[in-house]
Amino acid sequence: MSLNFPAFEPTIPAWRALPPGPGFGHIPHASKARLRIMIVEDESMVAWLLQTALEDAGHEIADIFSTGEDAIEAFARLAPDLALLDINLGAGIDGIDTAVRLRAMRAIPLVFVSAYADEDTRRRLSECLGKVPLLRKPVRLNLLEETIAAVAAGHDH
Amino acid sequence: MSHSSNIQSADLHAVLRTALDAVVVMRLDGTIAGWNEVATRTFGWTFAETEGRPMSEMIIPQQYREAHEKGLAHYLATGEGPVLDRHFEISALRNDGSEIPVELSITPTDQFGERVFLGFLRDISERHEAKRQQELLLGELNHRVKNMLAVVSGIAYLTARSATSVDGFTRAFSGRLEALGRAHEILTAGVWRSGSLTTLAEALLGPYSDSEGGGASAKGPNVMLSPKQFLSMSMILHELITNATKYGALSAPGGKVVLEWDRVASGLRIDWKESGGSGVVAPISTGFGFKMIALSVRHELGGTSEMRWEDDGLAFELHIPVCETIEGP
């Protein structure tokens, strides 16, 4: 059975100008690869949706975390290829601070999915992490898959 | 008490005394000639402290002083003033250095014996604060709506994956949305601070209660849950009820469901117990409902749960940590 998801316009992908290279967490020749993805999302239903959709797309979910602190603690052990993060994680540090700390450990491709996609958030995201994609909730699943593939491959799609 | 210096006019005194706004009288040389009690309350200066001093130094913030001086000079040269005889919003300076938003109108007049400017200033800090609060609320509402749409997308996608027919999907999806809607109603009634578990249980189990001892019943102290806990509990209870009516105790005559909860040392313990159903068997344990319950318990409630299929029906036990529990009245 197929469903039509709410047809919200996606965010203009800020990552289009992302230059390829190891410094930005580039995964060479990975656009069609099975990726090991870490999800940081405090809304269980959304996390489950992301997990299911990404598994359907052929990826492996390393684990799901509802807090940034737990994700940081498990990051080295799980060794994901990519981190998919919400920004507002309720209590504790938010998704942007979480990603900064993950990148301090290892350059890893990042994708954000959030209801907080206003200008202030974009500015902060850009200042903290450079050009990373921020998709608006509710996200279209095909856009999510395309974005993940493009970011992992380090090029536009 | 209202004050004006040198300007001898009973009419001006009456204006200063009776005006509900701060009134400041300025001479053509820019000095203060009158000042009422509301002005004293608004700006912190008394008339004695402001009399004869340039108004620009007293209540006009630094960034507007040059424009004020130019505007006054322009008026004296041409008789024209673009800010005269109309209302506009600007910030004004208090004696503690802080700035407050004011609505200002300036009128030149000769009726008090010499040409002066009458400035009426109304402190609109509360109006600005109310507007700021409204914008904050709208922003928060926007985020919540988007988050909720994302949740609904998830429910739709995952319900569709486990549905075997369009009718089945429609029923399951509608039921889940209805439960979510009801939880939102209760939370909204409590201004989204917390929600009563008793109210939630009554709303969800009420339609299945039976005065003859069967059906569904709920019992426990008045415990208030945070909005996040409350939404999770509403979905968990909805899935348990749906399962009970389709496969469990409520699917058979005489079947009973008892929901009980109590505070324990580690937080809150919630028990769901089904009994009396005939021929009740365990459903497919990997369906949407049971997976969602497990995920919600671990991911959102930070708790633990155990689900057992006993001889007479399902027993579900849930523990929520105390730090997330808000005591009710």
# chains A, B, ... in the order shown; residues from 1 in each chain; ligands from 1
call {"tool": "select_by_dssp", "arguments": {"residues": "range 58-114 of chain A", "states": "strand (DSSP E)", "output": "number ranges by chain"}}
result
A: 60-65, 82-85, 110-114
call {"tool": "interface_residues", "arguments": {"of": "chain B", "to": "chain A", "cutoff": "7 Å", "atoms": "only C-alpha atoms", "output": "PDB file with N, CA and C atoms, in the first residue's frame"}}
result
ATOM      1  N   HIS B 143       5.780  25.088  15.861  1.00  0.00           N
ATOM      2  CA  HIS B 143       6.664  23.938  16.049  1.00  0.00           C
ATOM      3  C   HIS B 143       5.874  22.694  16.472  1.00  0.00           C
ATOM      4  N   LYS B 146       3.979  21.248  13.538  1.00  0.00           N
ATOM      5  CA  LYS B 146       4.860  20.518  12.618  1.00  0.00           C
ATOM      6  C   LYS B 146       5.293  19.187  13.210  1.00  0.00           C
ATOM      7  N   ASN B 147       5.610  19.223  14.508  1.00  0.00           N
ATOM      8  CA  ASN B 147       5.993  17.973  15.162  1.00  0.00           C
ATOM      9  C   ASN B 147       4.843  16.977  15.121  1.00  0.00           C
ATOM     10  N   LEU B 149       2.416  16.876  12.965  1.00  0.00           N
ATOM     11  CA  LEU B 149       2.249  16.372  11.602  1.00  0.00           C
ATOM     12  C   LEU B 149       3.271  15.273  11.314  1.00  0.00           C
ATOM     13  N   ALA B 150       4.480  15.459  11.843  1.00  0.00           N
ATOM     14  CA  ALA B 150       5.496  14.423  11.652  1.00  0.00           C
ATOM     15  C   ALA B 150       5.075  13.133  12.348  1.00  0.00           C
ATOM     16  N   VAL B 151       4.494  13.265  13.541  1.00  0.00           N
ATOM     17  CA  VAL B 151       4.012  12.079  14.264  1.00  0.00           C
ATOM     18  C   VAL B 151       2.889  11.410  13.472  1.00  0.00           C
ATOM     19  N   SER B 153       2.374  11.588  10.295  1.00  0.00           N
ATOM     20  CA  SER B 153       2.992  10.938   9.129  1.00  0.00           C
ATOM     21  C   SER B 153       3.523   9.564   9.508  1.00  0.00           C
ATOM     22  N   GLY B 154       4.190   9.538  10.674  1.00  0.00           N
ATOM     23  CA  GLY B 154       4.736   8.265  11.145  1.00  0.00           C
ATOM     24  C   GLY B 154       3.648   7.244  11.400  1.00  0.00           C
ATOM     25  N   ILE B 155       2.581   7.683  12.060  1.00  0.00           N
ATOM     26  CA  ILE B 155       1.473   6.762  12.349  1.00  0.00           C
ATOM     27  C   ILE B 155       0.879   6.242  11.040  1.00  0.00           C
ATOM     28  N   LEU B 158       3.416   3.794   9.288  1.00  0.00           N
ATOM     29  CA  LEU B 158       3.619   2.531   9.997  1.00  0.00           C
ATOM     30  C   LEU B 158       2.322   1.736  10.120  1.00  0.00           C
ATOM     31  N   ALA B 160       0.059   1.764   7.812  1.00  0.00           N
ATOM     32  CA  ALA B 160      -0.112   1.200   6.464  1.00  0.00           C
ATOM     33  C   ALA B 160       0.736  -0.053   6.278  1.00  0.00           C
ATOM     34  N   LEU B 295       8.448   0.881  22.278  1.00  0.00           N
ATOM     35  CA  LEU B 295       9.263   2.034  21.901  1.00  0.00           C
ATOM     36  C   LEU B 295       8.937   3.246  22.768  1.00  0.00           C
ATOM     37  N   SER B 296       7.650   3.478  23.005  1.00  0.00           N
ATOM     38  CA  SER B 296       7.242   4.631  23.818  1.00  0.00           C
ATOM     39  C   SER B 296       7.760   4.501  25.247  1.00  0.00           C
ATOM     40  N   HIS B 299      11.665   4.879  24.964  1.00  0.00           N
ATOM     41  CA  HIS B 299      12.184   6.084  24.326  1.00  0.00           C
ATOM     42  C   HIS B 299      11.631   7.354  24.941  1.00  0.00           C
ATOM     43  N   GLU B 300      10.356   7.383  25.265  1.00  0.00           N
ATOM     44  CA  GLU B 300       9.735   8.633  25.708  1.00  0.00           C
ATOM     45  C   GLU B 300       9.449   8.674  27.195  1.00  0.00           C
TER      46      GLU B 300
END
call {"tool": "residues_around", "arguments": {"residues": "His59 in chain A", "least_positions_apart": "5", "cutoff": "12 Å", "atoms": "only C-alpha atoms", "output": "list in words"}}
result
Ala30, Ser31, Lys32, Ala33, Arg34, Leu35, Arg36, Ile37, Met38, Ile39, Leu50, Gln51, Thr52, Ala53, Leu54, Pro80, Asp81, Leu82, Glu145, Ile148, Ala149 and Ala152 of chain A
call {"tool": "atom_distance", "arguments": {"atom1": "CA of Leu16 in chain B", "atom2": "CA of Phe47 in chain B"}}
result
11.6 Å
call {"tool": "atom_distance", "arguments": {"atom1": "CA of Gly195 in chain B", "atom2": "CA of Pro207 in chain B"}}
result
19.6 Å
call {"tool": "closest_residue", "arguments": {"among": "B:Asp312, B:Ala163, B:Val25, B:Gly71", "to": "Pro54 in chain B", "atoms": "only C-alpha atoms"}}
result
B:Val25
call {"tool": "atom_distance", "arguments": {"atom1": "CA of Leu314 in chain B", "atom2": "CA of Ala244 in chain B"}}
result
8.4 Å
call {"tool": "closest_residue", "arguments": {"among": "B:Lys273, B:Glu114, B:Val102, B:His74", "to": "Ser9 in chain B", "atoms": "only C-alpha atoms"}}
result
B:Glu114
